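Undergrad: Handing you a structure now.
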Amino acid sequence: MSSEPLMMRVPKTAELVASHIRDQIIRGELREDDALPPESELMAQFGVSRPTLREGFRILESEGLIVVRRGARGGARVRVPDHAVAARFAGLVLQYRGATLADVFHARTMIEAPAARMLATAKHRAEIARRLQAYVDDHALDLRNPARAPDFHRLVVELTGNQTLVLLAGMLEDIAEAAAISWERQNPPSLPEAQRAHRGHQRLVELVRAGAAEKAEMFWRAHLDQVGAVLMKVHGGSPTTVVDVLN
Amino acid sequence: MAVQRTDTNGRDPSLSRVAREVRVPKTAELVAGHLRRQIVRGELKEGDALPPETVLMEQFHVSRPTLREAFRVLESEALITVRRGSHGGARVHVPNGDVAARYAGFVLQFRDTTIADVLEARAVIEPPCAGILATRRSAADLRKLRAAADEADAAIDDPNLSIRLQQDFHSLVVDLAGNETVKVLVGMLRHIIDAATYSRVSRDAGTPGERTAQHAGHRSHRRLLDYIEAKDAEGAERLWRKHIVETTAWLTSTPTASKVVELIN
């Protein structure tokens, strides 16, 4: 793959230094925004030269695990692995491959419809329904200023408790969110549209509470397809690819 | 149940995290945005050298520090590498699924995610791909699948090779289903699922348990071919779900590791 020529140029010691610091970050021994020790100290600790240490820093920077600031208050600071950055890396790949919004919305339905089923079959579904209901109540429709309740979809996936699905669905939600923002610039949500969305959320809460797995999945699939169809409507230069909405 | 809200709220999606957090001057972010667009739109190619700094400074009407700040943003996104010295300068790297997969791996390790969690996610995503493929498959798709299954069958007596070919068959099902986004997402999990599978097979190679699991896998792959040939989407999806659930059960019984962080470090 294309990253390989890059990796092969990197001196092995720099890679080892980067790997050592990376492990400390991933294992939580270094925290968000922690400053790494001064260069001279790290050079002594690893027994490496300044250029090698800096090469190690560059590897970690390109992996999004540290930022290096210049100037008086400069130095390397830790950035712990983060969902938003993962979404950004994935978004770049989808843009580059020319993925369409239709493709992204389809993938989103493939993940989030089964998530609704998982909620309805969960042992603690009463508690899950209570959490969903609290979100719906907190985002009660303001008739004068209809707005979407953007995080309901994320909450559905989060409540499955599956961290991997949260990570993957989060990437798609970010793109869906960008598409919604771009769509609404031209088409402010109408009251009936907002009402339909809110009714849909309420309906899902009820299906989860009732433990109606099959119905919850089918209903959520239909809801997602409908939302996707609205956002994909070609309308006065509306975006059709990921590269259109993320740029 | 821990619910992560911090990633999703209160951020400006038009700025990269580096830009948001270190408050990169807006001009640097604009310059980075311009170059990023050229890269993702394919106007700049893998390995291309960016023009010399002086040329870019003039083109964007920015100072050297601002331009370098823009370079740092792009470096943090793995879109360029900057080398020092006489052959120095910034070179372009097109967005790469491996970079994204690697970072996703960091997130899962950092969150102490279990391998069972990753396998559960896979059991959600892969079965619908089999259904979609059954609906839309072409004669050429069928030939590719059959060739992949034949190759795996021929290697049945070599546990480590056989399991690699079986994993390739899974990837092929996802690829031929044709959804680019799902390909990228499953690609992000692939190295974790592969590592879990290979380490288990390698530890147990030749034992009755491993032999039974491999033979069951081969049979399921053959049956999937039948459903796909018959364009039976429902049957294909049902079978693929059952196969993946059974595989997961085998992988998570006496696993070689239970956390992603133990597996890929």
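If you're wondering about the labels, chains in the structure tokens are A, B, ... by order shown, residues count from 1 in each chain, ligands from 1 in order shown.
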Compile the residues of chain A that lie within 7 Å of chain B, evaluated using only C-alpha atoms, and express the compilation as number ranges by chain.
TA: A: 26-28, 61-64, 81-86, 89-90, 92-96, 99, 103-104, 107, 110-111, 114, 158, 161-165, 168
Undergrad: With N, CA and C atoms retained, export the selected residues as an mmCIF file, in the first residue's frame.
TA:
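Okay, this is what ended up in out.cif:
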```
data_model
loop_
_atom_site.group_PDB
_atom_site.id
_atom_site.type_symbol
_atom_site.label_atom_id
_atom_site.label_comp_id
_atom_site.auth_asym_id
_atom_site.auth_seq_id
_atom_site.Cartn_x
_atom_site.Cartn_y
_atom_site.Cartn_z
ATOM 1 N N ILE A 26 -1.643 4.713 24.290
ATOM 2 C CA ILE A 26 -2.763 3.779 24.123
ATOM 3 C C ILE A 26 -3.125 3.104 25.435
ATOM 4 N N ARG A 27 -2.104 2.862 26.272
ATOM 5 C CA ARG A 27 -2.391 2.206 27.545
ATOM 6 C C ARG A 27 -2.830 3.181 28.626
ATOM 7 N N GLY A 28 -2.924 4.455 28.265
ATOM 8 C CA GLY A 28 -3.454 5.433 29.210
ATOM 9 C C GLY A 28 -2.441 5.921 30.228
ATOM 10 N N GLU A 61 3.021 12.429 15.082
ATOM 11 C CA GLU A 61 2.180 13.529 14.582
ATOM 12 C C GLU A 61 1.309 13.060 13.426
ATOM 13 N N SER A 62 1.916 12.284 12.504
ATOM 14 C CA SER A 62 1.156 11.843 11.332
ATOM 15 C C SER A 62 0.095 10.823 11.740
ATOM 16 N N GLU A 63 0.248 10.240 12.917
ATOM 17 C CA GLU A 63 -0.779 9.323 13.421
ATOM 18 C C GLU A 63 -1.796 10.049 14.278
ATOM 19 N N GLY A 64 -1.630 11.364 14.414
ATOM 20 C CA GLY A 64 -2.581 12.158 15.196
ATOM 21 C C GLY A 64 -2.459 11.913 16.699
ATOM 22 N N PRO A 81 -6.263 8.804 21.374
ATOM 23 C CA PRO A 81 -7.096 8.382 20.240
ATOM 24 C C PRO A 81 -8.546 8.756 20.477
ATOM 25 N N ASP A 82 -9.177 9.267 19.436
ATOM 26 C CA ASP A 82 -10.436 9.951 19.604
ATOM 27 C C ASP A 82 -11.372 9.621 18.440
ATOM 28 N N HIS A 83 -12.642 9.385 18.758
ATOM 29 C CA HIS A 83 -13.624 9.027 17.726
ATOM 30 C C HIS A 83 -13.679 10.044 16.588
ATOM 31 N N ALA A 84 -13.636 11.332 16.941
ATOM 32 C CA ALA A 84 -13.788 12.363 15.908
ATOM 33 C C ALA A 84 -12.641 12.316 14.906
ATOM 34 N N VAL A 85 -11.436 12.032 15.395
ATOM 35 C CA VAL A 85 -10.288 11.961 14.490
ATOM 36 C C VAL A 85 -10.389 10.706 13.617
ATOM 37 N N ALA A 86 -10.838 9.603 14.222
ATOM 38 C CA ALA A 86 -11.044 8.375 13.434
ATOM 39 C C ALA A 86 -12.039 8.649 12.312
ATOM 40 N N PHE A 89 -10.328 10.573 9.503
ATOM 41 C CA PHE A 89 -9.505 9.715 8.643
ATOM 42 C C PHE A 89 -10.395 8.919 7.676
ATOM 43 N N ALA A 90 -11.478 8.355 8.211
ATOM 44 C CA ALA A 90 -12.379 7.574 7.361
ATOM 45 C C ALA A 90 -13.033 8.476 6.316
ATOM 46 N N LEU A 92 -11.829 11.116 4.928
ATOM 47 C CA LEU A 92 -10.868 11.419 3.855
ATOM 48 C C LEU A 92 -10.819 10.272 2.845
ATOM 49 N N VAL A 93 -10.836 9.036 3.357
ATOM 50 C CA VAL A 93 -10.789 7.879 2.452
ATOM 51 C C VAL A 93 -12.048 7.844 1.578
ATOM 52 N N LEU A 94 -13.211 8.081 2.203
ATOM 53 C CA LEU A 94 -14.465 8.050 1.440
ATOM 54 C C LEU A 94 -14.511 9.165 0.404
ATOM 55 N N GLN A 95 -13.990 10.333 0.762
ATOM 56 C CA GLN A 95 -13.950 11.425 -0.208
ATOM 57 C C GLN A 95 -13.085 11.042 -1.391
ATOM 58 N N TYR A 96 -11.904 10.507 -1.073
ATOM 59 C CA TYR A 96 -10.941 10.182 -2.116
ATOM 60 C C TYR A 96 -11.502 9.113 -3.057
ATOM 61 N N ALA A 99 -17.001 8.260 -2.800
ATOM 62 C CA ALA A 99 -18.226 7.636 -2.287
ATOM 63 C C ALA A 99 -19.400 8.604 -2.379
ATOM 64 N N ASP A 103 -24.527 5.927 -0.968
ATOM 65 C CA ASP A 103 -23.723 4.815 -0.474
ATOM 66 C C ASP A 103 -23.548 4.914 1.051
ATOM 67 N N VAL A 104 -23.242 6.103 1.539
ATOM 68 C CA VAL A 104 -23.052 6.307 2.979
ATOM 69 C C VAL A 104 -24.359 6.075 3.738
ATOM 70 N N ALA A 107 -25.117 2.413 4.009
ATOM 71 C CA ALA A 107 -24.274 1.767 5.036
ATOM 72 C C ALA A 107 -24.795 2.099 6.429
ATOM 73 N N MET A 110 -27.636 -0.011 7.248
ATOM 74 C CA MET A 110 -27.191 -1.389 7.507
ATOM 75 C C MET A 110 -26.698 -1.569 8.938
ATOM 76 N N ILE A 111 -26.137 -0.519 9.527
ATOM 77 C CA ILE A 111 -25.639 -0.631 10.895
ATOM 78 C C ILE A 111 -26.701 -0.255 11.920
ATOM 79 N N PRO A 114 -30.118 -2.731 12.593
ATOM 80 C CA PRO A 114 -29.889 -3.827 13.551
ATOM 81 C C PRO A 114 -29.620 -3.333 14.975
ATOM 82 N N GLU A 158 -25.161 4.094 20.661
ATOM 83 C CA GLU A 158 -24.403 4.085 21.925
ATOM 84 C C GLU A 158 -25.037 3.147 22.945
ATOM 85 N N GLY A 161 -24.259 -0.512 23.577
ATOM 86 C CA GLY A 161 -23.101 -0.863 24.394
ATOM 87 C C GLY A 161 -21.958 -1.434 23.577
ATOM 88 N N ASN A 162 -22.121 -1.517 22.253
ATOM 89 C CA ASN A 162 -21.034 -2.057 21.423
ATOM 90 C C ASN A 162 -20.137 -0.912 20.958
ATOM 91 N N GLN A 163 -18.919 -0.887 21.502
ATOM 92 C CA GLN A 163 -18.009 0.233 21.220
ATOM 93 C C GLN A 163 -17.583 0.290 19.763
ATOM 94 N N THR A 164 -17.466 -0.876 19.142
ATOM 95 C CA THR A 164 -17.039 -0.906 17.748
ATOM 96 C C THR A 164 -18.110 -0.294 16.847
ATOM 97 N N LEU A 165 -19.367 -0.649 17.106
ATOM 98 C CA LEU A 165 -20.445 -0.061 16.314
ATOM 99 C C LEU A 165 -20.539 1.448 16.555
ATOM 100 N N LEU A 168 -17.880 3.038 14.373
ATOM 101 C CA LEU A 168 -18.181 3.006 12.933
ATOM 102 C C LEU A 168 -19.387 3.879 12.598
#
```
Undergrad: Give me the residues near Met57 in chain B as a PyMOL selection string, where near means some atom within 12 Å (using only C-alpha atoms) and where sequence neighbours in that chain fewer than 2 positions away do not count.
TA: chain B and resi 27-28+31+50-55+59-68+70-71
Undergrad: Using DSSP on the backbone coordinates, identify all residues within range 19-230 of chain B classified as strand (DSSP E); present the result as a PyMOL selection string.
TA: chain B and resi 80-83+89-92
Undergrad: I'd like the neighbourhood of Thr254 in chain B as a PyMOL selection string, where a residue qualifies if any of its atoms comes within 12 Å (using only C-alpha atoms), though same-chain residues fewer than 2 positions away should be ignored.
TA: chain B and resi 116+196+199-201+203-204+209+248-252+256-258
Undergrad: For a test of reading the model, state the distance in Å between CA of Val173 in chain B and CA of Ala130 in chain B, rounded to one decimal.
TA: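 These atoms are spaced 6.3 Å apart.
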Undergrad: Using DSSP secondary structure from the backbone, list all alpha helix (DSSP H) positions within range 104-239 of chain A, as a PDB file with C-alpha atoms, in the first residue's frame.
TA:
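Once everything was written out, this is out_31.pdb:
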```pdb
ATOM      1  CA  VAL A 104     -23.052   6.307   2.979  1.00  0.00           C
ATOM      2  CA  PHE A 105     -26.736   6.431   3.906  1.00  0.00           C
ATOM      3  CA  HIS A 106     -27.181   2.847   2.824  1.00  0.00           C
ATOM      4  CA  ALA A 107     -24.274   1.767   5.036  1.00  0.00           C
ATOM      5  CA  ARG A 108     -25.738   3.774   7.903  1.00  0.00           C
ATOM      6  CA  THR A 109     -29.031   1.926   7.607  1.00  0.00           C
ATOM      7  CA  MET A 110     -27.191  -1.389   7.507  1.00  0.00           C
ATOM      8  CA  ILE A 111     -25.639  -0.631  10.895  1.00  0.00           C
ATOM      9  CA  GLU A 112     -28.292   1.363  12.688  1.00  0.00           C
ATOM     10  CA  ALA A 113     -31.376  -0.724  11.871  1.00  0.00           C
ATOM     11  CA  PRO A 114     -29.889  -3.827  13.551  1.00  0.00           C
ATOM     12  CA  ALA A 115     -28.827  -1.571  16.445  1.00  0.00           C
ATOM     13  CA  ALA A 116     -32.523  -0.801  17.064  1.00  0.00           C
ATOM     14  CA  ARG A 117     -33.176  -4.533  17.218  1.00  0.00           C
ATOM     15  CA  MET A 118     -30.331  -5.012  19.696  1.00  0.00           C
ATOM     16  CA  LEU A 119     -31.937  -2.429  21.984  1.00  0.00           C
ATOM     17  CA  ALA A 120     -35.331  -4.121  21.837  1.00  0.00           C
ATOM     18  CA  THR A 121     -33.802  -7.500  22.731  1.00  0.00           C
ATOM     19  CA  ARG A 125     -34.342  -2.521  27.635  1.00  0.00           C
ATOM     20  CA  ALA A 126     -36.548  -0.751  30.199  1.00  0.00           C
ATOM     21  CA  GLU A 127     -33.545   1.331  31.233  1.00  0.00           C
ATOM     22  CA  ILE A 128     -32.596   1.896  27.578  1.00  0.00           C
ATOM     23  CA  ALA A 129     -36.134   3.070  26.794  1.00  0.00           C
ATOM     24  CA  ARG A 130     -35.959   5.439  29.767  1.00  0.00           C
ATOM     25  CA  ARG A 131     -32.713   6.957  28.406  1.00  0.00           C
ATOM     26  CA  LEU A 132     -34.166   7.350  24.928  1.00  0.00           C
ATOM     27  CA  GLN A 133     -37.360   8.860  26.326  1.00  0.00           C
ATOM     28  CA  ALA A 134     -35.334  11.371  28.348  1.00  0.00           C
ATOM     29  CA  TYR A 135     -33.594  12.482  25.154  1.00  0.00           C
ATOM     30  CA  VAL A 136     -36.898  12.795  23.284  1.00  0.00           C
ATOM     31  CA  ASP A 137     -38.395  14.814  26.152  1.00  0.00           C
ATOM     32  CA  ASP A 138     -35.347  17.074  26.324  1.00  0.00           C
ATOM     33  CA  PHE A 152     -30.854  10.659  18.733  1.00  0.00           C
ATOM     34  CA  HIS A 153     -29.354   8.372  16.093  1.00  0.00           C
ATOM     35  CA  ARG A 154     -25.999   8.350  17.864  1.00  0.00           C
ATOM     36  CA  LEU A 155     -27.733   7.563  21.143  1.00  0.00           C
ATOM     37  CA  VAL A 156     -29.478   4.539  19.608  1.00  0.00           C
ATOM     38  CA  VAL A 157     -26.102   3.058  18.669  1.00  0.00           C
ATOM     39  CA  GLU A 158     -24.403   4.085  21.925  1.00  0.00           C
ATOM     40  CA  GLN A 163     -18.009   0.233  21.220  1.00  0.00           C
ATOM     41  CA  THR A 164     -17.039  -0.906  17.748  1.00  0.00           C
ATOM     42  CA  LEU A 165     -20.445  -0.061  16.314  1.00  0.00           C
ATOM     43  CA  VAL A 166     -20.343   3.307  18.098  1.00  0.00           C
ATOM     44  CA  LEU A 167     -17.022   4.051  16.417  1.00  0.00           C
ATOM     45  CA  LEU A 168     -18.181   3.006  12.933  1.00  0.00           C
ATOM     46  CA  ALA A 169     -21.658   4.526  13.086  1.00  0.00           C
ATOM     47  CA  GLY A 170     -20.158   7.736  14.480  1.00  0.00           C
ATOM     48  CA  MET A 171     -18.150   8.150  11.284  1.00  0.00           C
ATOM     49  CA  LEU A 172     -21.308   7.914   9.220  1.00  0.00           C
ATOM     50  CA  GLU A 173     -23.263  10.180  11.549  1.00  0.00           C
ATOM     51  CA  ASP A 174     -20.622  12.874  11.080  1.00  0.00           C
ATOM     52  CA  ILE A 175     -21.106  12.726   7.317  1.00  0.00           C
ATOM     53  CA  ALA A 176     -24.907  12.618   7.668  1.00  0.00           C
ATOM     54  CA  GLU A 177     -24.681  15.642   9.951  1.00  0.00           C
ATOM     55  CA  ALA A 178     -22.586  17.563   7.422  1.00  0.00           C
ATOM     56  CA  ALA A 179     -25.108  16.652   4.701  1.00  0.00           C
ATOM     57  CA  ALA A 180     -27.989  17.810   6.902  1.00  0.00           C
ATOM     58  CA  ILE A 181     -26.278  21.133   7.649  1.00  0.00           C
ATOM     59  CA  SER A 182     -25.570  21.696   3.991  1.00  0.00           C
ATOM     60  CA  TRP A 183     -29.129  20.708   3.005  1.00  0.00           C
ATOM     61  CA  GLU A 184     -30.712  22.948   5.619  1.00  0.00           C
ATOM     62  CA  ARG A 185     -28.812  25.959   4.441  1.00  0.00           C
ATOM     63  CA  GLN A 186     -31.104  25.852   1.422  1.00  0.00           C
ATOM     64  CA  LEU A 191     -42.755  21.999  10.755  1.00  0.00           C
ATOM     65  CA  PRO A 192     -44.328  18.822   9.268  1.00  0.00           C
ATOM     66  CA  GLU A 193     -40.867  17.388   8.569  1.00  0.00           C
ATOM     67  CA  ALA A 194     -39.700  18.060  12.109  1.00  0.00           C
ATOM     68  CA  GLN A 195     -42.928  16.645  13.523  1.00  0.00           C
ATOM     69  CA  ARG A 196     -42.507  13.487  11.479  1.00  0.00           C
ATOM     70  CA  ALA A 197     -38.959  13.021  12.762  1.00  0.00           C
ATOM     71  CA  HIS A 198     -39.992  13.531  16.375  1.00  0.00           C
ATOM     72  CA  ARG A 199     -42.917  11.105  16.027  1.00  0.00           C
ATOM     73  CA  GLY A 200     -40.500   8.581  14.549  1.00  0.00           C
ATOM     74  CA  HIS A 201     -38.158   8.861  17.528  1.00  0.00           C
ATOM     75  CA  GLN A 202     -41.064   8.479  19.972  1.00  0.00           C
ATOM     76  CA  ARG A 203     -42.298   5.423  18.095  1.00  0.00           C
ATOM     77  CA  LEU A 204     -38.889   3.752  18.332  1.00  0.00           C
ATOM     78  CA  VAL A 205     -38.799   4.350  22.095  1.00  0.00           C
ATOM     79  CA  GLU A 206     -42.132   2.552  22.396  1.00  0.00           C
ATOM     80  CA  LEU A 207     -41.031  -0.406  20.281  1.00  0.00           C
ATOM     81  CA  VAL A 208     -37.851  -0.790  22.334  1.00  0.00           C
ATOM     82  CA  ARG A 209     -39.797  -0.590  25.582  1.00  0.00           C
ATOM     83  CA  ALA A 213     -37.330  -6.581  18.052  1.00  0.00           C
ATOM     84  CA  GLU A 214     -38.512  -7.275  14.503  1.00  0.00           C
ATOM     85  CA  LYS A 215     -40.758  -4.206  14.397  1.00  0.00           C
ATOM     86  CA  ALA A 216     -38.082  -1.964  15.914  1.00  0.00           C
ATOM     87  CA  GLU A 217     -35.575  -2.975  13.222  1.00  0.00           C
ATOM     88  CA  MET A 218     -38.068  -2.607  10.370  1.00  0.00           C
ATOM     89  CA  PHE A 219     -39.372   0.695  11.658  1.00  0.00           C
ATOM     90  CA  TRP A 220     -35.910   2.148  12.146  1.00  0.00           C
ATOM     91  CA  ARG A 221     -34.868   0.973   8.687  1.00  0.00           C
ATOM     92  CA  ALA A 222     -37.839   2.783   7.151  1.00  0.00           C
ATOM     93  CA  HIS A 223     -37.120   5.898   9.206  1.00  0.00           C
ATOM     94  CA  LEU A 224     -33.453   5.939   8.158  1.00  0.00           C
ATOM     95  CA  ASP A 225     -34.348   5.381   4.510  1.00  0.00           C
ATOM     96  CA  GLN A 226     -36.776   8.282   4.679  1.00  0.00           C
ATOM     97  CA  VAL A 227     -34.235  10.635   6.304  1.00  0.00           C
ATOM     98  CA  GLY A 228     -31.633   9.574   3.744  1.00  0.00           C
ATOM     99  CA  ALA A 229     -34.023  10.161   0.854  1.00  0.00           C
ATOM    100  CA  VAL A 230     -34.748  13.710   2.042  1.00  0.00           C
ATOM    101  CA  LEU A 231     -31.068  14.548   2.355  1.00  0.00           C
ATOM    102  CA  MET A 232     -30.222  13.073  -1.049  1.00  0.00           C
TER     103      MET A 232
END
```
Undergrad: Compare A:Val17, A:Ser40, A:Leu30, A:Leu101 by their minimum atom-to-atom distance to Thr240 in chain A, counting only C-alpha atoms, and give me the closest one.
TA: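 Counting only C-alpha atoms, the residue closest to Thr240 in chain A is A:Leu101.
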Undergrad: How far is it from CA of Arg77 in chain A to CA of Leu36 in chain A, in Å with one decimal?
TA: 5.9 Å
